[in-house]
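First comes the structure, then the notes that go with it.
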Amino acid sequence: MPERQPRRTPLTITVDLLAVAIVAAGLGILAYRLWHAVDSPALAIGALAMLSAGYVMADLLTGFVHWFCDTFFDETTPLIGPALIAPFREHHRDPLLMTQHGFLELTGSSFRGLAPLLMLIVWMGQPLPVHVNAFVFALATGAVCTNLLHRWAHEPAPPAFARVLQSTGLVLTPVRHARHHAPPYAAGYCVTSGWLNPICERLQIWSRAEAVFTALGLPVSRADRE
């Protein structure tokens, strides 16, 4: 069994802090633009619809990453193994370990992955239409919060605020997520809200995607086999 990855280095922590600052600033700018651009009921309805769509897309995209890292390659794979694959495999060996992680260790990879995209969208182009801003804002917010929402679904006593969100069904709940850690360990990959898990299972999204990637030559090494 692979050993737990070494502790985070000062460089990693610095990069994560920079990524958090970039994402926070980007989300703040998008929120400011939305606030000032929505000036009619029609725009408000459209923005709400796109906020919802963005949040659903966050559930799907983070579910795809989760499925991919649970299914292909392993912790020894060059470049992506230690940084990307290892945390997912570690989680399957000890699901409660993530509840002991600090904020940066838990969410740093999400912030690092999103920071370049938000920089490109917010600082390197013309202001986007209000509906696009709404979609990107919700997608980005859902994506960076995913690991935190995932942790709350594992915590025996999550914060009161988390319990309120879980009671509304807006975020991942322990019940929705339990299927992921039960045999055959091939479901429940969406961990932002978990809304899309039943749809993905009904449409056999992950098994069909596995067939495609396997045909392309990617090595299968499932987390449930460790």
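Quick note on naming: the chains in the structure tokens go A, B, ... in the order shown, residues restart at 1 in each chain, and ligands are numbered from 1 in order of appearance.
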
### Query
If we count only C-alpha atoms, what is near Thr99 of chain A at a cut-off of 7 Å, once residues fewer than 2 positions away on the same chain are taken out, given as a ChimeraX atom specification?
/A:96-97,101,151,155

### Task
Show which residues sit within 10 Å of Ala44 of chain A, as JSON, numbers by chain. Count only C-alpha atoms, and ignore same-chain residues fewer than 4 positions away.
{"A": [34, 35, 37, 38, 39, 40, 48, 49, 50, 130, 131]}

### Message
Please identify the alpha helix (DSSP H) residues within segment 30-185 of chain A (assignment by DSSP from backbone atoms) and present them as a PyMOL selection string.
### Response
chain A and resi 30-37+41-71+80+86-93+103-123+130-154+160-168+174-178

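Comparing A:Pro159, A:Ala115, A:Val144, A:Ser221 by their smallest distance to Gly81 of chain A, the closest is A:Ser221 (using only C-alpha atoms).
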
### Query
What lies within 10 Å of Leu118 of chain A using only C-alpha atoms, ignoring chain neighbours under 5 positions off, as a VMD selection string?
chain A and resid 22 to 27 30 113 123 to 124 136 to 137 140

### Task
Skip segment 191-199 of chain A itself and residues of its chain fewer than 2 positions away, then list as a PyMOL selection string all residues within 9 Å of it, counting only C-alpha atoms.
chain A and resi 55-56+58-60+62-63+66+142-143+145-150+153+169-173+176-177+187-189+201-205

Find the residues near Ala19 of chain A: any atom within 8 Å, counting only C-alpha atoms, skip ones fewer than 2 places away on the same chain, and give them as an mmCIF file with N, CA and C atoms, in the first residue's frame.
```
data_model
loop_
_atom_site.group_PDB
_atom_site.id
_atom_site.type_symbol
_atom_site.label_atom_id
_atom_site.label_comp_id
_atom_site.auth_asym_id
_atom_site.auth_seq_id
_atom_site.Cartn_x
_atom_site.Cartn_y
_atom_site.Cartn_z
ATOM 1 N N VAL A 15 1.951 28.933 -3.124
ATOM 2 C CA VAL A 15 1.205 28.867 -4.385
ATOM 3 C C VAL A 15 -0.293 28.768 -4.115
ATOM 4 N N ASP A 16 -0.657 27.958 -3.133
ATOM 5 C CA ASP A 16 -2.074 27.811 -2.799
ATOM 6 C C ASP A 16 -2.661 29.131 -2.302
ATOM 7 N N LEU A 17 -1.925 29.835 -1.469
ATOM 8 C CA LEU A 17 -2.415 31.125 -0.965
ATOM 9 C C LEU A 17 -2.595 32.118 -2.102
ATOM 10 N N ALA A 21 -6.143 33.816 -3.361
ATOM 11 C CA ALA A 21 -6.309 35.262 -3.535
ATOM 12 C C ALA A 21 -6.814 35.600 -4.937
ATOM 13 N N ILE A 22 -6.266 34.936 -5.946
ATOM 14 C CA ILE A 22 -6.680 35.187 -7.330
ATOM 15 C C ILE A 22 -8.136 34.795 -7.532
ATOM 16 N N VAL A 23 -8.505 33.614 -7.044
ATOM 17 C CA VAL A 23 -9.883 33.143 -7.224
ATOM 18 C C VAL A 23 -10.860 34.022 -6.448
ATOM 19 N N GLY A 108 -6.728 23.380 -1.885
ATOM 20 C CA GLY A 108 -5.674 24.032 -2.661
ATOM 21 C C GLY A 108 -5.638 23.634 -4.119
ATOM 22 N N PHE A 111 -8.340 25.457 -6.093
ATOM 23 C CA PHE A 111 -8.010 26.863 -6.331
ATOM 24 C C PHE A 111 -6.913 26.997 -7.379
ATOM 25 N N ARG A 112 -5.914 26.123 -7.326
ATOM 26 C CA ARG A 112 -4.832 26.194 -8.308
ATOM 27 C C ARG A 112 -5.361 25.918 -9.709
ATOM 28 N N ALA A 115 -7.619 29.116 -10.809
ATOM 29 C CA ALA A 115 -7.040 30.463 -10.859
ATOM 30 C C ALA A 115 -6.692 30.917 -12.281
#
```

### Query
Using only C-alpha atoms, which of the listed residues (A:Pro174, A:Met119, A:Ile80, A:Ala211) sits closest to Pro156 of chain A?
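Among the listed residues, the smallest separation from Pro156 of chain A belongs to A:Pro174.
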
### Query
Which one of A:Asn133, A:Pro183, A:Thr214, A:His154 sits closest to Gly46 of chain A if you count only C-alpha atoms?
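Under the stated criterion, the closest residue is A:Asn133.
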
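Atom CA of Thr12 of chain A is positioned 9.4 Å from atom CA of Glu105 of chain A.
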
### Query
Quick one: distance from atom CA of Val164 of chain A to atom CA of Asp94 of chain A in Å, one decimal?
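Distance between the two atoms: 26.1 Å.
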